[in-house]
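Structure file target_33.txt with compact mmCIF, C-alpha atoms:
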```
# COMPACT_ATOMS: atom_id res chain seq x y z
CA ALA A 1 0.00 0.00 0.00
CA GLU A 2 1.44 3.30 -1.07
CA GLY A 3 -1.41 5.73 -0.51
CA THR A 4 -2.46 8.53 -2.82
CA ARG A 5 0.44 9.89 -4.89
CA THR A 6 0.90 12.75 -7.34
CA LEU A 7 2.90 11.93 -10.47
CA TYR A 8 3.91 14.20 -13.33
CA VAL A 9 3.93 13.60 -17.06
CA THR A 10 6.66 15.63 -18.71
CA HIS A 11 6.83 16.62 -22.35
CA ARG A 12 9.72 17.22 -24.71
CA VAL A 13 9.36 18.86 -28.06
CA GLU A 14 11.67 17.81 -30.91
CA THR A 15 11.34 19.76 -34.13
CA THR A 16 13.35 21.78 -36.67
CA ASP A 17 10.55 24.31 -36.82
CA PRO A 18 11.60 27.22 -34.62
CA THR A 19 7.95 28.10 -34.08
CA PHE A 20 7.39 24.99 -31.92
CA ARG A 21 10.61 25.06 -30.04
CA VAL A 22 9.66 25.22 -26.32
CA ALA A 23 12.41 25.13 -23.73
CA ASP A 24 10.21 23.99 -20.86
CA PRO A 25 6.88 22.46 -21.93
CA PRO A 26 4.26 22.31 -19.16
CA LYS A 27 3.92 19.19 -17.00
CA LEU A 28 0.73 17.28 -16.45
CA ALA A 29 -0.03 16.46 -12.79
CA VAL A 30 -1.64 13.03 -12.31
CA THR A 31 -3.19 11.95 -8.99
CA LEU A 32 -2.78 8.19 -8.53
CA LEU A 33 -5.21 6.57 -6.12
CA ASP A 34 -3.98 3.32 -4.54
CA ASN A 35 -6.48 0.45 -4.51
CA ASP A 36 -4.41 -1.64 -2.08
CA SER A 37 -5.34 -1.52 1.62
CA PRO A 38 -3.13 -2.84 4.43
CA GLY A 39 -4.62 -5.77 6.27
CA LEU A 40 -4.54 -9.46 7.06
CA LYS A 41 -5.77 -12.36 4.98
CA PRO A 42 -6.76 -15.43 7.04
CA THR A 43 -7.32 -18.87 5.59
CA VAL A 44 -9.24 -21.42 7.63
CA ALA A 45 -10.05 -24.93 6.45
CA GLY A 46 -13.43 -25.00 4.77
CA ASN A 47 -13.30 -21.22 4.20
CA SER A 48 -14.78 -20.74 7.66
CA SER A 49 -14.13 -18.03 10.23
CA ARG A 50 -14.62 -20.53 13.10
CA LEU A 51 -12.29 -23.13 14.57
CA ARG A 52 -13.45 -26.19 16.50
CA LEU A 53 -11.40 -27.27 19.52
CA THR A 54 -11.66 -29.92 22.22
CA GLU A 55 -10.11 -29.62 25.67
CA GLY A 56 -7.48 -32.13 26.67
CA GLY A 57 -7.10 -33.88 23.35
CA ASP A 58 -4.01 -34.76 21.35
CA SER A 59 -2.76 -32.86 18.33
CA SER A 60 -5.84 -33.93 16.37
CA SER A 61 -8.00 -31.76 18.66
CA ALA A 62 -6.02 -28.62 17.75
CA ALA A 63 -6.89 -26.39 14.80
CA THR A 64 -4.76 -24.36 12.41
CA TYR A 65 -5.18 -21.41 10.11
CA THR A 66 -2.81 -19.25 8.08
CA LEU A 67 -2.20 -15.51 7.92
CA GLN A 68 -0.55 -13.28 5.34
CA LEU A 69 -0.49 -9.55 4.64
CA LEU A 70 -2.70 -8.06 1.95
CA THR A 71 -0.04 -5.62 0.74
CA ARG A 72 3.72 -5.27 0.70
CA PRO A 73 4.79 -3.12 3.68
CA LEU A 74 6.65 0.11 3.02
CA GLY A 75 10.33 0.44 3.84
CA GLY A 76 11.98 -2.00 1.47
CA SER A 77 14.22 -4.64 2.97
CA GLU A 78 13.99 -3.00 6.40
CA ALA A 79 10.19 -3.24 6.58
CA MET A 80 8.74 -5.45 9.31
CA VAL A 81 5.16 -5.97 10.46
CA THR A 82 4.49 -7.94 13.66
CA VAL A 83 1.10 -9.58 14.17
CA SER A 84 0.16 -10.51 17.75
CA VAL A 85 -2.41 -13.24 18.44
CA VAL A 86 -4.41 -13.45 21.69
CA GLY A 87 -7.56 -15.19 22.86
CA GLU A 88 -10.49 -13.55 24.60
CA PRO A 89 -11.48 -14.40 27.28
CA ALA A 90 -7.92 -14.99 28.43
CA GLY A 91 -6.70 -18.40 29.52
CA GLN A 92 -8.97 -20.46 27.27
CA ILE A 93 -6.66 -21.05 24.30
CA ALA A 94 -2.95 -21.25 23.55
CA THR A 95 -1.60 -20.18 20.16
CA THR A 96 1.68 -21.21 18.56
CA PRO A 97 3.26 -18.88 17.74
CA SER A 98 1.76 -15.99 19.68
CA ALA A 99 3.29 -13.48 17.25
CA LEU A 100 4.22 -13.58 13.55
CA VAL A 101 6.68 -11.36 11.69
CA PHE A 102 6.23 -10.39 8.05
CA THR A 103 8.89 -8.63 5.97
CA ASP A 104 9.31 -7.23 2.49
CA GLY A 105 10.18 -10.72 1.30
CA THR A 106 7.57 -12.73 3.24
CA TRP A 107 4.51 -10.48 3.37
CA ASP A 108 2.53 -12.64 0.94
CA LYS A 109 3.76 -16.01 2.27
CA PRO A 110 1.12 -17.72 4.48
CA GLN A 111 2.27 -18.43 8.04
CA THR A 112 0.53 -21.07 10.15
CA VAL A 113 -1.01 -20.49 13.58
CA THR A 114 -1.88 -23.53 15.70
CA VAL A 115 -4.61 -23.13 18.31
CA ARG A 116 -5.23 -25.50 21.24
CA ALA A 117 -7.79 -25.35 24.01
CA VAL A 118 -6.35 -25.06 27.51
CA ASP A 119 -7.34 -28.15 29.50
CA ASP A 120 -8.82 -27.26 32.86
CA SER A 121 -11.05 -29.06 35.34
CA VAL A 122 -13.81 -26.46 35.15
CA LEU A 123 -17.20 -27.72 34.10
CA GLU A 124 -18.34 -25.54 31.20
CA PRO A 125 -20.78 -25.61 28.30
CA THR A 126 -19.39 -25.22 24.79
CA MET A 127 -17.58 -21.88 24.86
CA GLU A 128 -16.95 -19.30 22.16
CA VAL A 129 -13.51 -17.68 22.21
CA ARG A 130 -12.49 -14.71 20.08
CA ILE A 131 -9.03 -14.85 18.48
CA LEU A 132 -7.80 -11.26 18.20
CA HIS A 133 -5.02 -10.03 15.92
CA THR A 134 -3.22 -6.69 16.27
CA MET A 135 -0.47 -5.32 14.04
CA ALA A 136 2.62 -3.16 14.56
CA SER A 137 4.94 -1.74 11.90
CA ASN A 138 8.56 -0.84 12.56
CA ASN A 139 8.23 2.28 10.41
CA ASP A 140 4.84 3.50 11.63
CA GLU A 141 3.18 2.69 8.32
CA GLU A 142 -0.44 3.75 8.47
CA GLY A 143 -2.68 0.71 8.40
CA TYR A 144 0.00 -1.65 9.67
CA ASN A 145 0.70 0.19 12.90
CA THR A 146 -2.46 -0.04 14.97
CA GLN A 147 -3.47 -1.58 18.26
CA GLU A 148 -7.00 -1.87 17.01
CA THR A 149 -8.22 -5.33 16.07
CA PRO A 150 -8.30 -5.58 12.27
CA LEU A 151 -9.13 -9.29 12.27
CA VAL A 152 -11.20 -11.49 14.59
CA LEU A 153 -11.63 -15.25 14.25
CA TYR A 154 -13.76 -17.46 16.48
CA ALA A 155 -13.13 -20.81 18.18
CA ASP A 156 -15.77 -23.09 19.67
CA ILE A 157 -14.34 -25.12 22.57
CA GLU A 158 -15.97 -28.38 23.57
CA ASP A 159 -15.37 -29.20 27.23
CA ASN A 160 -13.91 -32.59 28.14
CA ASP A 161 -15.06 -32.38 31.76
CA VAL A 162 -18.17 -34.36 32.66
CA ALA A 163 -20.39 -33.66 35.64
CA GLY A 164 -20.59 -36.61 37.99
CA VAL A 165 -20.16 -37.87 41.54
CA ILE A 166 -17.67 -40.61 42.41
CA VAL A 167 -18.58 -42.83 45.36
CA ASP A 168 -15.99 -45.34 46.53
CA PRO A 169 -16.61 -48.04 47.55
CA VAL A 170 -20.27 -48.62 46.76
CA GLU A 171 -20.51 -51.70 49.03
CA ILE A 172 -19.41 -51.73 52.68
CA ASN A 173 -19.80 -53.92 55.78
CA VAL A 174 -20.85 -52.37 59.07
CA PHE A 175 -20.86 -53.98 62.52
CA GLU A 176 -23.46 -53.19 65.16
CA GLY A 177 -22.23 -50.77 67.79
CA LYS A 178 -18.75 -50.32 66.29
CA GLN A 179 -17.52 -46.72 66.39
CA PRO A 180 -16.93 -44.59 64.37
CA GLY A 181 -18.24 -46.96 61.72
CA THR A 182 -17.13 -47.78 58.19
CA ALA A 183 -15.99 -45.03 55.89
CA TYR A 184 -16.45 -44.40 52.19
CA THR A 185 -15.49 -41.35 50.09
CA ILE A 186 -17.35 -39.00 47.79
CA LYS A 187 -15.96 -36.45 45.35
CA LEU A 188 -17.03 -34.61 42.21
CA ARG A 189 -15.64 -35.36 38.76
CA ALA A 190 -15.44 -31.72 37.64
CA ARG A 191 -15.26 -28.29 39.25
CA PRO A 192 -18.72 -26.73 39.58
CA SER A 193 -19.32 -23.04 39.02
CA VAL A 194 -21.33 -22.83 42.27
CA PRO A 195 -21.43 -25.02 45.42
CA VAL A 196 -22.94 -28.50 45.29
CA THR A 197 -24.51 -30.03 48.42
CA LEU A 198 -25.07 -33.76 48.94
CA THR A 199 -27.54 -34.95 51.55
CA LEU A 200 -26.82 -38.44 52.93
CA SER A 201 -29.73 -40.61 54.09
CA ALA A 202 -29.92 -44.12 55.59
CA LYS A 203 -32.68 -46.25 54.09
CA SER A 204 -34.14 -49.72 54.23
CA GLN A 205 -35.92 -50.73 51.05
CA GLY A 206 -36.29 -47.08 50.13
CA VAL A 207 -37.67 -46.00 53.50
CA ALA A 208 -35.77 -44.04 56.15
CA THR A 209 -34.30 -46.26 58.84
CA GLU A 210 -32.68 -45.77 62.24
CA GLU A 211 -30.92 -49.15 62.26
CA ILE A 212 -27.87 -47.56 60.65
CA VAL A 213 -26.59 -44.04 61.16
CA VAL A 214 -24.70 -42.02 58.55
CA ARG A 215 -22.54 -39.01 59.39
CA PRO A 216 -22.28 -36.30 58.28
CA THR A 217 -25.73 -35.84 56.87
CA THR A 218 -24.58 -33.22 54.35
CA ILE A 219 -21.37 -32.68 52.41
CA LEU A 220 -20.59 -29.41 50.62
CA PHE A 221 -18.39 -29.21 47.54
CA ASP A 222 -17.16 -26.01 45.96
CA GLN A 223 -14.52 -24.94 43.45
CA SER A 224 -11.69 -25.54 45.93
CA ASN A 225 -12.51 -29.02 47.26
CA PHE A 226 -14.57 -30.61 44.47
CA GLY A 227 -11.88 -33.19 43.65
CA THR A 228 -10.91 -34.08 47.22
CA GLY A 229 -12.60 -37.16 48.62
CA GLN A 230 -14.89 -36.36 51.56
CA GLU A 231 -15.63 -39.18 54.00
CA GLY A 232 -19.01 -40.47 55.01
CA PHE A 233 -19.19 -42.81 58.03
CA VAL A 234 -21.83 -45.48 58.49
CA ARG A 235 -22.32 -47.32 61.78
CA GLY A 236 -24.84 -49.90 62.87
CA VAL A 237 -27.08 -49.39 65.89
CA ASP A 238 -26.69 -52.19 68.45
CA ASN A 239 -30.17 -53.61 69.03
CA MET A 240 -28.98 -56.24 71.56
CA VAL A 241 -30.50 -58.97 69.41
CA VAL A 242 -28.68 -61.73 67.55
CA ASP A 243 -29.62 -61.03 63.94
CA ALA A 244 -28.68 -62.34 60.56
CA ALA A 245 -26.91 -59.99 58.17
CA ARG A 246 -29.22 -57.31 56.81
CA GLN A 247 -28.81 -54.90 53.91
CA TYR A 248 -29.45 -51.15 53.83
CA THR A 249 -28.53 -48.29 51.55
CA VAL A 250 -27.12 -44.82 51.92
CA SER A 251 -28.61 -42.53 49.30
CA HIS A 252 -27.27 -39.17 48.14
CA ALA A 253 -29.54 -36.30 47.09
CA ILE A 254 -27.91 -33.48 45.15
CA GLU A 255 -28.80 -29.80 45.50
CA THR A 256 -27.15 -27.06 43.47
CA GLU A 257 -27.67 -24.10 41.16
CA GLU A 258 -25.06 -25.59 38.80
CA PRO A 259 -27.14 -26.62 35.75
CA LEU A 260 -24.78 -29.42 34.72
CA TYR A 261 -25.05 -31.07 38.16
CA GLN A 262 -28.77 -30.64 38.59
CA GLY A 263 -30.75 -33.86 38.35
CA LEU A 264 -27.71 -36.15 38.36
CA THR A 265 -28.15 -39.63 39.79
CA VAL A 266 -25.58 -40.29 42.53
CA PRO A 267 -24.68 -43.94 43.26
CA ASP A 268 -26.03 -45.44 46.49
CA VAL A 269 -23.84 -47.26 48.96
CA THR A 270 -25.02 -50.76 49.79
CA VAL A 271 -24.51 -51.44 53.51
CA THR A 272 -24.40 -54.93 54.95
CA LEU A 273 -25.07 -54.81 58.71
CA LEU A 274 -23.43 -57.56 60.70
CA ASN A 275 -23.75 -58.56 64.37
```
Show this structure as structure tokens.
Amino acid sequence: AEGTRTLYVTHRVETTDPTFRVADPPKLAVTLLDNDSPGLKPTVAGNSSRLRLTEGGDSSSAATYTLQLLTRPLGGSEAMVTVSVVGEPAGQIATTPSALVFTDGTWDKPQTVTVRAVDDSVLEPTMEVRILHTMASNNDEEGYNTQETPLVLYADIEDNDVAGVIVDPVEINVFEGKQPGTAYTIKLRARPSVPVTLTLSAKSQGVATEEIVVRPTTILFDQSNFGTGQEGFVRGVDNMVVDAARQYTVSHAIETEEPLYQGLTVPDVTVTLLN
């Protein structure tokens, strides 16, 4: 891009006729309007402006696109235009490289950008990320020296985290009167956006029972402890009677404002009560 320029057409008269001999014929001023505009040309597979990414995958889950300049930068062999690439919101993608350099000799050569989704343990719906590109010229060329965002691409990130509750083990033996009882652990598979509360209940054939006791009766998970196993203790009440082994369950009801955890079925713990 060279901008609008004024050029001059000069004239020279050659003749043997002294009448037409002019020492300095007038010049014709010509205004030349440039039709080239500085900018970036992206190329995405399928001629799309959107990339599709998956958290936590191998190289096949990454996406690539290419960039090149639309016009040769001014400045000859010393010209250099740097293109910076960032994701918005921050922390969701990683780009390689994060900056590309174009010169007088490489301005029209496509350079590849590889984009990967950052793998986190946060439970999220499919997320849209904007890929922003800013340009800087080493000679302050208008159009190539701006912190504005001349090009925006979009990436759709599919989360690899799945909402769920892990209960381990799901079968335990409990002895009447033995303190503090038998323990099992509960934890969440993925970090919730808001707290998740589990209510623990002792049941016999689906009905509340007092023949076994479970403590605590509620367990709270949040973003800091979601992946740390919390213990539940089950003990049998000593009824002073010689009984055969009986089976009970500990059920877990989930309460939360986290949409991806609402309505989940949490495994029961099968409790065998022994004398």
Problem set entry | Nearest to A:Val266 by atom-to-atom distance, counting all atoms listed in the file, from A:Lys203, A:Arg52, A:His252, A:Arg130 |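 Of the candidates, the smallest distance to A:Val266 is held by A:His252.
Separating atom CA of A:Ile166 from atom CA of A:Leu188 is a distance of 6.0 Å.
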Mind listing as an mmCIF file with C-alpha atoms, in the frame of the given file all residues within 6 Å of (-2.0, 14.0, -10.8), counting all atoms listed in the file?
```
data_model
loop_
_atom_site.group_PDB
_atom_site.id
_atom_site.type_symbol
_atom_site.label_atom_id
_atom_site.label_comp_id
_atom_site.auth_asym_id
_atom_site.auth_seq_id
_atom_site.Cartn_x
_atom_site.Cartn_y
_atom_site.Cartn_z
ATOM 1 C CA THR A 6 0.900 12.750 -7.340
ATOM 2 C CA LEU A 7 2.900 11.930 -10.470
ATOM 3 C CA ALA A 29 -0.030 16.460 -12.790
ATOM 4 C CA VAL A 30 -1.640 13.030 -12.310
ATOM 5 C CA THR A 31 -3.190 11.950 -8.990
#
```
Exercise. Do you know which residues are at most 8 Å from A:Pro42 counting only C-alpha atoms, after dropping those on the same chain fewer than 4 positions away, and could you put them as an MDAnalysis selection string?
Worked result: chainID A and resid 65:68
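For the point (0.2, -22.3, 19.5) in file coordinates, the residues within 8 Å, using all atoms listed in the file, are Ala94, Thr95, Thr96, Pro97, Ser98, Val113, Thr114, Val115 and Arg116 of chain A.
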Selected residues written out, C-alpha atoms, as an mmCIF file, in the frame of the given file:
```cif
data_model
loop_
_atom_site.group_PDB
_atom_site.id
_atom_site.type_symbol
_atom_site.label_atom_id
_atom_site.label_comp_id
_atom_site.auth_asym_id
_atom_site.auth_seq_id
_atom_site.Cartn_x
_atom_site.Cartn_y
_atom_site.Cartn_z
ATOM 1 C CA ALA A 94 -2.950 -21.250 23.550
ATOM 2 C CA THR A 95 -1.600 -20.180 20.160
ATOM 3 C CA THR A 96 1.680 -21.210 18.560
ATOM 4 C CA PRO A 97 3.260 -18.880 17.740
ATOM 5 C CA SER A 98 1.760 -15.990 19.680
ATOM 6 C CA VAL A 113 -1.010 -20.490 13.580
ATOM 7 C CA THR A 114 -1.880 -23.530 15.700
ATOM 8 C CA VAL A 115 -4.610 -23.130 18.310
ATOM 9 C CA ARG A 116 -5.230 -25.500 21.240
#
```
For this session: With a distance cut-off of 9 Å and only C-alpha atoms, select the neighbouring residues of A:Ser77, excluding the residue or stretch itself and same-chain residues fewer than 6 positions from it, and output the selection as a count of residues only.
Result: 3
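Relative to atom CA of A:Leu53, atom CA of A:Ser193 is found at 21.5 Å.
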Problem set entry | Selection near A:Asp120, 10 Å with only C-alpha atoms, sequence-local residues under 2 positions removed, as a PyMOL selection string | chain A and resi 55-56+91-92+117-118+122-124+159-161+190-191
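Minimum distance to A:Glu231 across A:Thr218, A:Ser37, A:Thr134, A:Ser201 (counting only C-alpha atoms) occurs at A:Thr218.
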Problem set entry | Nearest to A:Pro259, chosen from A:Pro195, A:Pro89, A:Gly143, A:Gly76, with all atoms listed in the file counted in the distances |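 Among A:Pro195, A:Pro89, A:Gly143, A:Gly76, it is A:Pro195 that comes nearest to A:Pro259.
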For this session: Grab the atom CA of A:Ala183 to atom CA of A:Arg235 distance for me, in Å with one decimal place.
Result: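 So the two atoms, atom CA of A:Ala183 and atom CA of A:Arg235, lie 8.9 Å apart.
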Exercise. So which residues touch A:Gly39 within 10 Å, counting all atoms listed in the file, skipping near sequence neighbours fewer than 6 positions away, as a ChimeraX atom specification?
Worked result: /A:1,68-71,135,143-144,150-151
Now that the selection is made, can you save its residues with C-alpha atoms as a PDB file, keeping the file's coordinate frame?
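Once written, selection-v6.pdb looks like this:
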```
ATOM      1  CA  ALA A   1       0.000   0.000   0.000  1.00  0.00           C
ATOM      2  CA  GLN A  68      -0.550 -13.280   5.340  1.00  0.00           C
ATOM      3  CA  LEU A  69      -0.490  -9.550   4.640  1.00  0.00           C
ATOM      4  CA  LEU A  70      -2.700  -8.060   1.950  1.00  0.00           C
ATOM      5  CA  THR A  71      -0.040  -5.620   0.740  1.00  0.00           C
ATOM      6  CA  MET A 135      -0.470  -5.320  14.040  1.00  0.00           C
ATOM      7  CA  GLY A 143      -2.680   0.710   8.400  1.00  0.00           C
ATOM      8  CA  TYR A 144       0.000  -1.650   9.670  1.00  0.00           C
ATOM      9  CA  PRO A 150      -8.300  -5.580  12.270  1.00  0.00           C
ATOM     10  CA  LEU A 151      -9.130  -9.290  12.270  1.00  0.00           C
TER      11      LEU A 151
END
```
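Within the 7 Å cut-off around A:Thr126, using all atoms listed in the file and omitting residues fewer than 5 positions from it on the same chain, the listed residues are Asp156, Ile157, Glu158 and Asp159 of chain A.
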Problem set entry | Residue with smallest distance to A:Val207 - pool A:Phe175, A:Phe233, A:Tyr248, A:Tyr184, counting all atoms listed in the file | A:Tyr248
Problem set entry | Given all atoms listed in the file as the counted atoms, nearest of A:Gly164, A:Thr19, A:Pro25, A:Ser137 to A:Gln262 |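 Result for the nearest residue to A:Gln262: A:Gly164.
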Exercise. Out of A:Thr16, A:Val196, A:Val237, A:Glu176, which residue has the shortest atom-to-atom distance to A:Gly263 when counting only C-alpha atoms?
Worked result: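 Looking at the shortest contact to A:Gly263, the residue is A:Val196.
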